[in-house]
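Reading through the structure tokens given below for one structure.
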Amino acid sequence: MSTSKKEWRQARWSEPLVYEIGDPQKTGVILPYLDELPKLAERVGARPQGKVFREDTPDLPGLSEVETARHFNRLAQMSYGVDVGPVPLGSCTMKYNPKIFEEIVRDPRIKFLHPLQDEDTVQGLLEMLYLLERWLAELTGMDRCSLQVPAGAAGELAGALMIKKYHADRGEERDEMLVPDSAHGTNPASAAMAGFKVVRIPTSSRGTIDLEALRSVAGPRTAGLMLTNPSTLGIFEDEILEVAKLIHDSGGLLYYDGANLNGIMGIVRPGDMGFDIVHLNIHKTFAAPHGGGGPGAGVVCAKGDLVDYLPRPLIERDDSRYFWDYSCDKCIGSMRIFYGNIVPLLKGFLYIASLGGKGLREVAIQSVINTNYFITLIKNTKGYELPYDPSKPRKHEVVISAKPLLNDTGVSAGDVAKALLDRGLHAPTMYFPLIVDEALMIEFTESEPLETIEEYAKTLKEIAEQAYTNPGKIKEAPANTSVRRVDDVYANHPKTVTPTYRVYLKRLRGEIK
Amino acid sequence: MSTSKKEWRQARWSEPLVYEIGDPQKTGVILPYLDELPKLAERVGARPQGKVFREDTPDLPGLSEVETARHFNRLAQMSYGVDVGPVPLGSCTMKYNPKIFEEIVRDPRIKFLHPLQDEDTVQGLLEMLYLLERWLAELTGMDRCSLQVPAGAAGELAGALMIKKYHADRGEERDEMLVPDSAHGTNPASAAMAGFKVVRIPTSSRGTIDLEALRSVAGPRTAGLMLTNPSTLGIFEDEILEVAKLIHDSGGLLYYDGANLNGIMGIVRPGDMGFDIVHLNIHKTFAAPHGGGGPGAGVVCAKGDLVDYLPRPLIERDDSRYFWDYSCDKCIGSMRIFYGNIVPLLKGFLYIASLGGKGLREVAIQSVINTNYFITLIKNTKGYELPYDPSKPRKHEVVISAKPLLNDTGVSAGDVAKALLDRGLHAPTMYFPLIVDEALMIEFTESEPLETIEEYAKTLKEIAEQAYTNPGKIKEAPANTSVRRVDDVYANHPKTVTPTYRVYLKRLRGEIK
Amino acid sequence: MGSSRPIHWAPSSSDRDRSRALSVMGISDAFELYRDVPHNLILDKPPRAGFDRMLSEWELRLTVEKYLSKNTMYIDPPPFLGGGWCPHLVPALVDYIISRPEFLTAYTPYQAEINQGLMQALFEYQSLIADLVELDVVNASMYDGSTAVAEAFLMALRVTKKRKILVPEHMHPEYRRVVETWLYGKNALLVSVRYDEHTGRVSLGDLESKIDNETAAVYVENPSFLGSIEEDVEAMADAAHKKGALFIVKFEPISLGLLKPPGRYGADIAVAEGQPLGLGLNYGGPGLGIFAVRWDRKLVRQMPGRIIGLTRDAEGRRAFAMILQTREQHIRREKATSNITTNEALMAVAAAAYLTLLGGRGLRDLAQSIWLRSHYLAKRLSEIGVEAPVFESEFFKEFTTRFPKQYKAIHVELKKRGILGGLSLDRYWPEKSNECLFCVTELHSMKHIDKLVEAISEVIKE
Amino acid sequence: MGSSRPIHWAPSSSDRDRSRALSVMGISDAFELYRDVPHNLILDKPPRAGFDRMLSEWELRLTVEKYLSKNTMYIDPPPFLGGGWCPHLVPALVDYIISRPEFLTAYTPYQAEINQGLMQALFEYQSLIADLVELDVVNASMYDGSTAVAEAFLMALRVTKKRKILVPEHMHPEYRRVVETWLYGKNALLVSVRYDEHTGRVSLGDLESKIDNETAAVYVENPSFLGSIEEDVEAMADAAHKKGALFIVKFEPISLGLLKPPGRYGADIAVAEGQPLGLGLNYGGPGLGIFAVRWDRKLVRQMPGRIIGLTRDAEGRRAFAMILQTREQHIRREKATSNITTNEALMAVAAAAYLTLLGGRGLRDLAQSIWLRSHYLAKRLSEIGVEAPVFESEFFKEFTTRFPKQYKAIHVELKKRGILGGLSLDRYWPEKSNECLFCVTELHSMKHIDKLVEAISEVIKE
Ligand SMILES: Cc1ncc(COP(=O)(O)O)c(C=O)c1O
Ligand SMILES: Cc1ncc(COP(=O)(O)O)c(C=O)c1O
């Protein structure tokens, strides 16, 4: 009676745009104290006047509360996150986001605090942030952290600026930032934003940074090296101490991209490896949810002399109280207003508070077990290969290549990704790092149970098998998602690119070609 | 680029049962203070012993937190409530449930209150309940209300018991409860539970209670009449004052089933119509959500002498404080432990607090406009008809009949319902009241915008049209829901009926035939 | 009538939409729709309800804040109050699941095809409870524990067509009151069975002496209201069955991590309050009436409430449906097994999620933790010379304690120290004014318990 | 290593699952997976983080409660603090929408087909903002208002290949600091333009005298940090455009219910902090950086951030996709227009939901309500002899007030009365120690305002 083959299809609502159902006269919210308006108008006497005031009503569609709720609920059913199934996007550390954190941060004693209210009225919050800063410094082996940076990339920019100012303050002209070819795109982008010339360092056949190549470029123009360890291949840079010495000897600094900390957290510390500056992504390693792209939260930490350069304010305490220290002698300034993305930061606080140092270490170990368990299951699967020394254990993630599959069948990594979607599983990160052809970068994190990993490996295998028997079918995927394969050319073509409904209407009216 | 026909399909996950993925050794929760256990065991010394203690571990499948979240999220995507689309189930008053209420009732100062904690520690909560009681008494025209009853049906039972005890206390033997044939099934069921013989009263051709028939049965055995006004046909009993007089004159009492209050709330009061006892459904009229079947909350109110019979405790106040009054001279007792379904009751409090008397009245008017707007749109649609005096305005709901459609095409009310599902709209209540053939009972409430009502009428029209051209297609509906038409015969057949997984396994093992 | 902007949650109540609707209907005033209502019944002004004006969300929030700030919440330590409703863990995930709009805002799944997820969740609830109690059939919920008992009694009357029900004299007093109320319309007779003063357990002898051919059911609470775990349950079941009576057991769901399930010792019907299963306190409501029955046509046909069953769809897929609806009021009307329709479905989903999160072993660990903590409190109390527990018998989370003086005075002193103590038994039995019922759960740390004991030892010395 | 039960949120960390996994991998100790890590780097014990042990949900809750109870929340009345971050209504529905797990736990929608809902929501956000500001292109968010300004400046440098940017001397001081930080790596020059002491508006004369061919952009805040609404914005735009500079306007989103949108008076880039649009206070984060640009190939190609566009699927259905990704870091690396990837997507969804709930007329009503309330406070203050507003110009929700004595002392007294007053301007300008910035919004009732005024009049009399 109750056996049924595994079927999946996503909801499909063909939900109209709010413009197609809304109306500027409609509203779903009752504004507070509306009954006071006549009296207020009388007491105030005047009306807004001047040439910058408008006479018309903004042309924004409104909906009632019930319609708004339905609209977004339907859209939600056409979306997919960790709470629906695994999202093993490599480099993104898509952990489960504990529900207790969400409940706690909704407390009005957090939600309703003003960033500029007197410090004596927010001592409890400041204490939590203080502890978080101490814990993160301990985990990274750094002396101090600034909670200001709203995401990892902003941490990188802060770090790059710190490096720039550090050298400038010492009167040194160092304008080259070394970045491995396996690095995340934000690394070179951040370095460039800070005004550096980016020098690309190749990856050795061992999957680690090419020490010889590094040696050949490190020198008096070297401002620093931006590195993540384990690398985006999931491989630990086993010569990291040599790397650090080389850079330091040449007068440069080491920046640690902390996005890949998960597999080594509590086991090895960037500070001990020789890094001077570190950023962490609270929304990756410390379980704050990604929110469909953000908000995240970052921290940027530093050691020794570099502490002076950290963006301000820093959280401080004296005998009787916690406070924000704005003092800035050499600091680079501020990366954003106020203190940071408080809500995700607090989720990071709650995560560390829940697990403690020992628990964090277990998290790291489990994430590495999960990666290598997956490798064991997938290896020897026809169609995929593991580039760079397959005998090396991977850490938080692994990059496999679908190049054999492409060569044999014409089915690409991108096609495999769509075929996964079609089976109700989120795809891995594709085509990154750039040094691996047909890359599929897979990171389960510790939060996926073995069963999910097994299902994922099995599905990848089935897709490869189907590619060998019926590649056309896979090229047509996905069919079970709310829409079929999306037309990227149309999306980006100058004649059709449509970033807003406003442009859509202008196109309809022929006002834009 | 962006026109696309309206398509809908529900998510389909073929989600396994928790038994098929869980494991008794798995767990998704860390229990509090587990590290204390060894010390506790030592201090306590003893271990549980005795023949009623078990040695084995309960055979319940467990899942991790992430798996549990996904399991239920996927199940949720295969469900449908007011927040997804209209649920115009007649008699059920499926209003929009304001989100602000949900947020407020999650406050720990509600969630974490113990029912038996000292009254001086819950004065704020008691004050809200007190106000709620006062407001409901005012709305119904009754003197006092008991918040105890967990749902409407329990209110009816309370009312029936009150009637029974009232007559008994006066030494009268009255064992007949009069119930119209259009009444909700809970009315006769409640009367029977209270030990009454149910006497069925027919509905006149005007759609109201048949006064002549009533007159012919009312007499010395009459304990009372259970009536809802407007009736389940949505028609106001315009002879209600005559009805009340007739029953009272015969020595009986009038019970008001408040499930249909929505269309007259704040405009007419049951108390003024002559009713002695009233129940209300907070989860219908006062916007507490239905939760897939419950929890709801009821109240039962009474007037005059009947107040003494209300279930206890009642909420009371004296000069300095609010308290529960348990004093019970003639009362029927208690309908449940403690005070009522506090959480939905508070949502009712918030609803009335938000709207005030004037707002509630507007709610009633809007719900009646919505009903009659729909009637205007649907009337003259081939296939449907409006039984009972079509010139009469309906109130909170309307009952149409698909009898012409059935006769002409073989497509039944049930088929129409499934065809609605197939178009992403929830079906109306079917085959109720029993006095209408092929009944479709539709209640939009005030929370549906005119646009939804228009869409619903249009869809009903399209379905009828399709029935005339291609009835087979409709008989096959639904195809777009997560499963196709469910096999009720198999579900209920003695050889296959399976109420639990335990029975399923026993059937597999041949232990049950 | 009407206003330029719509009122809360009535989107078409704006002037504009109203007049559009009225003009389509061909009327000029919405009040024409009330033309059939006798004039003298129509109120000349809106009723006095709420705060005489509409409140926006923000105003509502501030208004409620004023009331909430008058409540005292005890979390650190949590209340030690017993009475069948104790503080327990509510995992955040459980609240999250029952907040899913597709569950929260659904109606009873009368349309199966569009509500399979909800139905599967309820089927899983039924299945998990069935395995917990080891009885095959479970309904989708009753209102709470007390009405579940009342419905069980009513069912026993229907099944046996007899009128006498034996209940422990120390039956939960609030439950007893509820049951008496529900049975008022039926010509039933509740007969109390004495309990042993030493053990607090139901006296088997007295039970056997009172049972007869008129007996419809024997009802026992395990643990009892005063905390004792019953030992002779099999003998009681035998005694009942011998006379053709049903054996009805009220259990505590978490205790089944340690105690034998009622299905194993002969229960025909097992009922419980599901509140411990992740529902929270909520000042006593909503609860969850658990109702399980032995697999027996005769019994199942007389069950109250909704049941979800496994079936298939037109293409052979697994599917779920409401089953055995011919028992229910919407079909059977006055011949229905119960009048219930709205039940506590969402609480059943919560309990299913809770049990899934725990798993069998988690439940056992939890029960063990509670057992140890309650025994720790009892032990510490007896160390300071307080009689705890009063009865010589096993107990689980609640137990009776006797003080050298009136408990109420002690309670007041504890409250001054931020502790919500036990339940004074003189609430129900004036002669037990020196006694209280403590409840200790997984939420009480050793520190919490120590704090209580220290406060008590201070107070009784005064 | 390992434990019999799994640790939090790592389901396979139980002994049982671990050994299963290890045995499949053919290793005996998980630490073998770290064999490539230099030994001397491995910590010999876990780091000191957290509270030295694992906390259950319940323990975490009690722990946090201790911290939270040390915060003072001001809601009745809400804070009168300005500084570009004011208390505003957060409709419960907005929180509910961004709590939907499918949005909350999604990543950036790199896989378009499975995340169409999220993408539609972001496309709607972009579209609503575009219509609000009357500029055609909007990105899916920047971190906050301050980094949106910084990115706008960086974009102006790229587009014009010039290096000078004119900013008001009374530019939001925290914004200025952020911008200076972000521009540190670029050889840019910020030049301050004076403001008129009477009106608080940017001096058009000074602006015109400072603009030259080296000018990449002219930046103006409307309203200004000190509250004045600019009048000569069209003239400024003209001045900028004449010299080939971009005109960048920072606006306040709700104010556009009353004020002309920047797109109407010549803005090339419009930026804002989206916090007023239903995001709440949250002690300053997360925010939402709004970033809109004129439809101009040259500009759009230099835009930072993610953009969602309309397209079609393989069967011609409407669909959404990330567009113009060749501007972004994951494709263009060091040549990218910005390094941003994680942004504030969920806050953009919140803003979209908020704007949808309001609708155009709702926004206008809201702006009017705020305008009236802030003017009511100013009027009442001037009635008691306080200089409010200091500037002779229109203002919207924030305005500068000058007291006869140090504001800080007044602030302390207000706090004693349960009122969180204005922002003391000596935080940024020591000479302005008698001045503060008040912010009044729709959440301030007349009673709240009266309470503030009465308290102030008491305090200044002392
Ligand atoms: C390796 C790596 N570095 C840096 C980043 C940038 O971090 P964020 O997205 O928080 O800006 C990411 C993630 O996107 C990453 O995976
Ligand atoms: C007319 C009518 N009466 C009574 C009831 C019973 O109310 P409840 O479901 O709250 O028990 C209902 C709803 O089910 C109803 O529609």
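Residue numbering restarts at 1 in every chain; chains get A, B, ... in the order shown in the structure tokens, and ligands count up from 1 in that same order.
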Need the shell around Lys245 of chain A: protein/DNA/RNA residues with any atom at most 8 Å away, counting only C-alpha atoms. Skip same-chain ones fewer than 4 positions apart. Format as a count of residues only? 3
At a cut-off of 10 Å, list the chain B residues touching chain D, using only C-alpha atoms, as an MDAnalysis selection string. chainID B and resid 1:5 7 25:35 63:67 69:70 73 98:104
Could you tell me how far atom CA of Leu324 of chain D lies from atom CA of Arg200 of chain A, in Å and to one decimal? 24.9 Å
Distance filter 7 Å, only C-alpha atoms, chain A against chain B, as a list in words: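 Every residue meeting the condition is included here: Lys6, Glu7, Trp8, Arg9, Gln10, Ala11, Arg12, Trp13, Ser14, Val66, Ala69, Arg70, Asn73, Arg74, Gln77, Asp83, Val84, Gly85 and Tyr96 of chain A.
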Separation of atom CA of Glu197 of chain C from atom CA of Phe391 of chain C in Å: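 Here the two named atoms are 7.5 Å from each other.
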May I have all residues of segment 198-309 of chain C that DSSP, computed from the backbone, assigns to alpha helix (DSSP H), given as a compact mmCIF listing (two decimals) with N, CA, C and O atoms, in the first residue's frame?
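After the write, result-v9.txt holds the following:
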```txt
# COMPACT_ATOMS: atom_id res chain seq x y z
N LEU C 204 -5.31 -3.04 46.18
CA LEU C 204 -5.82 -4.08 45.29
C LEU C 204 -7.02 -4.77 45.92
O LEU C 204 -8.01 -5.10 45.27
N GLY C 205 -6.90 -4.97 47.25
CA GLY C 205 -7.98 -5.64 47.96
C GLY C 205 -9.27 -4.86 47.85
O GLY C 205 -10.33 -5.40 47.49
N ASP C 206 -9.18 -3.57 48.12
CA ASP C 206 -10.38 -2.74 48.05
C ASP C 206 -10.95 -2.74 46.63
O ASP C 206 -12.17 -2.80 46.43
N LEU C 207 -10.04 -2.70 45.68
CA LEU C 207 -10.46 -2.70 44.28
C LEU C 207 -11.23 -3.98 43.98
O LEU C 207 -12.33 -3.96 43.42
N GLU C 208 -10.64 -5.09 44.36
CA GLU C 208 -11.28 -6.38 44.05
C GLU C 208 -12.62 -6.50 44.76
O GLU C 208 -13.55 -7.12 44.25
N SER C 209 -12.70 -5.87 45.93
CA SER C 209 -13.96 -5.98 46.67
C SER C 209 -15.06 -5.12 46.03
O SER C 209 -16.24 -5.36 46.24
N LYS C 210 -14.65 -4.11 45.29
CA LYS C 210 -15.66 -3.20 44.74
C LYS C 210 -16.05 -3.50 43.30
O LYS C 210 -17.08 -3.03 42.81
N VAL C 233 -0.38 -3.45 38.67
CA VAL C 233 -1.22 -3.11 37.53
C VAL C 233 -1.72 -4.34 36.76
O VAL C 233 -2.84 -4.35 36.26
N GLU C 234 -0.90 -5.37 36.70
CA GLU C 234 -1.37 -6.56 35.97
C GLU C 234 -2.53 -7.22 36.69
O GLU C 234 -3.51 -7.65 36.07
N ALA C 235 -2.42 -7.24 37.98
CA ALA C 235 -3.52 -7.82 38.77
C ALA C 235 -4.79 -7.00 38.61
O ALA C 235 -5.90 -7.54 38.51
N MET C 236 -4.62 -5.70 38.56
CA MET C 236 -5.80 -4.84 38.37
C MET C 236 -6.44 -5.11 37.00
O MET C 236 -7.66 -5.18 36.87
N ALA C 237 -5.56 -5.23 35.99
CA ALA C 237 -6.07 -5.51 34.65
C ALA C 237 -6.85 -6.82 34.66
O ALA C 237 -7.97 -6.90 34.12
N ASP C 238 -6.27 -7.83 35.29
CA ASP C 238 -6.94 -9.13 35.36
C ASP C 238 -8.30 -9.00 36.04
O ASP C 238 -9.31 -9.52 35.56
N ALA C 239 -8.28 -8.31 37.17
CA ALA C 239 -9.52 -8.15 37.93
C ALA C 239 -10.59 -7.50 37.06
O ALA C 239 -11.75 -7.93 37.03
N ALA C 240 -10.17 -6.46 36.33
CA ALA C 240 -11.14 -5.76 35.47
C ALA C 240 -11.65 -6.69 34.39
O ALA C 240 -12.86 -6.84 34.18
N HIS C 241 -10.72 -7.31 33.71
CA HIS C 241 -11.11 -8.13 32.56
C HIS C 241 -11.99 -9.30 32.97
O HIS C 241 -12.89 -9.69 32.23
N LYS C 242 -11.70 -9.83 34.15
CA LYS C 242 -12.53 -10.95 34.63
C LYS C 242 -14.00 -10.56 34.73
O LYS C 242 -14.88 -11.38 34.49
N ARG C 297 -11.82 -4.50 17.15
CA ARG C 297 -12.89 -3.88 16.38
C ARG C 297 -13.89 -3.15 17.26
O ARG C 297 -14.27 -2.02 17.02
N LYS C 298 -14.30 -3.86 18.31
CA LYS C 298 -15.36 -3.36 19.19
C LYS C 298 -14.91 -2.05 19.85
O LYS C 298 -15.69 -1.11 20.00
N LEU C 299 -13.66 -2.04 20.26
CA LEU C 299 -13.13 -0.84 20.91
C LEU C 299 -12.94 0.28 19.88
O LEU C 299 -13.36 1.42 20.10
N VAL C 300 -12.29 -0.07 18.78
CA VAL C 300 -11.96 0.96 17.80
C VAL C 300 -13.22 1.64 17.29
O VAL C 300 -13.26 2.86 17.10
N ARG C 301 -14.28 0.85 17.10
CA ARG C 301 -15.51 1.43 16.58
C ARG C 301 -16.13 2.43 17.56
O ARG C 301 -16.91 3.28 17.18
```
Selection within 7 Å of ligand 1 by only C-alpha atoms and all ligand atoms, output as a list of chain:residue names: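 Result of the 7 Å neighbour search around ligand 1: A:Ser91, A:Cys92, A:Ala151, A:Gly152, A:Ala153, A:Ala154, A:Ala183, A:His184, A:Thr186, A:Asn187, A:Thr228, A:Thr232, A:Asp257, A:Gly258, A:Ala259, A:Asn260, A:Asn281, A:Gly296, A:Ala297, A:Gly298, D:Ile340, D:Thr341, D:Thr342.
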From A:Ala158, A:Ile337, A:Ile282, A:Ile342, residue lying nearest Thr147 of chain D [only C-alpha atoms]: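 Among the listed residues, A:Ile337 lies closest to Thr147 of chain D.
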In Å, with one decimal, what is the gap from atom CA of Val179 of chain B to atom CA of Leu227 of chain B?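 Separating atom CA of Val179 of chain B from atom CA of Leu227 of chain B is a distance of 6.8 Å.
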C:Phe251, C:Phe51, C:Tyr107, C:Tyr74: which is nearest chain D, counting only C-alpha atoms? C:Tyr74
Have a look at B:Tyr19, B:Met142, B:Gly291, B:Gly185 and name the one nearest to Ala336 of chain C; count only C-alpha atoms.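 For Ala336 of chain C, the nearest of the given residues is B:Gly185.
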Give me the residues near Leu281 of chain D as a PyMOL selection string, where near means some atom within 12 Å (using only C-alpha atoms) and where sequence neighbours in that chain fewer than 5 positions away do not count. (chain A and resi 106+108-117+338+341-343) or (chain D and resi 73-75+78-79+81-82+84-90+274-276+286-288)
From the set C:Glu252, C:Glu221, C:Glu113, C:Asp365, which residue has the shortest atom-to-atom contact distance to chain D, counting only C-alpha atoms?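 Comparing C:Glu252, C:Glu221, C:Glu113, C:Asp365 against chain D, the winner is C:Asp365.
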Applying 7 Å and only C-alpha atoms, which residues near Ala352 of chain C remain after dropping the ones on its own chain fewer than 3 positions away? List them as a list of chain:residue names. C:Glu124, C:Tyr125, C:Leu128, C:Ala348, C:Val349, C:Leu355, C:Thr356
Write a file of the selected residues as a PDB file, in the first residue's frame, keeping N, CA, C and O atoms.
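Written file, part27.pdb:
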```pdb
ATOM      1  N   GLU C 124       2.191  10.206  11.980  1.00  0.00           N
ATOM      2  CA  GLU C 124       3.418   9.907  12.726  1.00  0.00           C
ATOM      3  C   GLU C 124       3.199  10.102  14.224  1.00  0.00           C
ATOM      4  O   GLU C 124       3.695   9.325  15.043  1.00  0.00           O
ATOM      5  N   TYR C 125       2.471  11.137  14.576  1.00  0.00           N
ATOM      6  CA  TYR C 125       2.119  11.316  15.998  1.00  0.00           C
ATOM      7  C   TYR C 125       1.421  10.071  16.511  1.00  0.00           C
ATOM      8  O   TYR C 125       1.797   9.497  17.538  1.00  0.00           O
ATOM      9  N   LEU C 128       3.855   7.137  16.775  1.00  0.00           N
ATOM     10  CA  LEU C 128       4.844   7.251  17.847  1.00  0.00           C
ATOM     11  C   LEU C 128       4.194   6.979  19.197  1.00  0.00           C
ATOM     12  O   LEU C 128       4.762   6.291  20.051  1.00  0.00           O
ATOM     13  N   ALA C 348      -0.340  17.889  18.677  1.00  0.00           N
ATOM     14  CA  ALA C 348       0.060  16.527  18.313  1.00  0.00           C
ATOM     15  C   ALA C 348       1.275  16.572  17.386  1.00  0.00           C
ATOM     16  O   ALA C 348       2.211  15.775  17.536  1.00  0.00           O
ATOM     17  N   VAL C 349       1.277  17.529  16.470  1.00  0.00           N
ATOM     18  CA  VAL C 349       2.454  17.691  15.605  1.00  0.00           C
ATOM     19  C   VAL C 349       3.670  18.050  16.462  1.00  0.00           C
ATOM     20  O   VAL C 349       4.766  17.518  16.263  1.00  0.00           O
ATOM     21  N   LEU C 355       9.114  13.951  20.064  1.00  0.00           N
ATOM     22  CA  LEU C 355       9.521  12.549  20.204  1.00  0.00           C
ATOM     23  C   LEU C 355      10.551  12.175  19.141  1.00  0.00           C
ATOM     24  O   LEU C 355      11.482  11.415  19.404  1.00  0.00           O
ATOM     25  N   THR C 356      10.406  12.729  17.947  1.00  0.00           N
ATOM     26  CA  THR C 356      11.376  12.460  16.885  1.00  0.00           C
ATOM     27  C   THR C 356      12.743  13.007  17.262  1.00  0.00           C
ATOM     28  O   THR C 356      13.775  12.382  17.021  1.00  0.00           O
TER      29      THR C 356
END
```
List as an MDAnalysis selection string the protein and nucleic acid residues near Tyr456 of chain B, meaning an atom at most 12 Å away when only C-alpha atoms are counted, but skip any in the same chain fewer than 5 places from it. chainID B and resid 85:88 370:371 373:375 377:378 417 419:421 423:428 442:444 448:451 461:463
From a DSSP calculation on the backbone, collect every residue of segment 343-423 of chain C in strand (DSSP E) and output the set as number ranges by chain. C: 398-402, 423
Can you pull out the residues contacting Gly83 of chain D? Cut-off 9 Å, using only C-alpha atoms, and skip same-chain residues under 5 positions away; I want them as a ChimeraX atom specification. /A:116 /D:172,225-226,398,422-423,437-439
Smallest atom-to-atom distance to chain D: which of C:Pro168, C:Gly244, C:Pro77, C:Pro304, using only C-alpha atoms?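 Closest candidate: C:Pro77.
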Compile the contact shell of segment 35-45 of chain C as a ChimeraX atom specification: residues with an atom at most 12 Å away, counting only C-alpha atoms, same-chain residues fewer than 6 positions apart removed. /B:138-141,206,208,229-230,234-242,263-274,357-362,389,391-395 /C:1,27,29,52
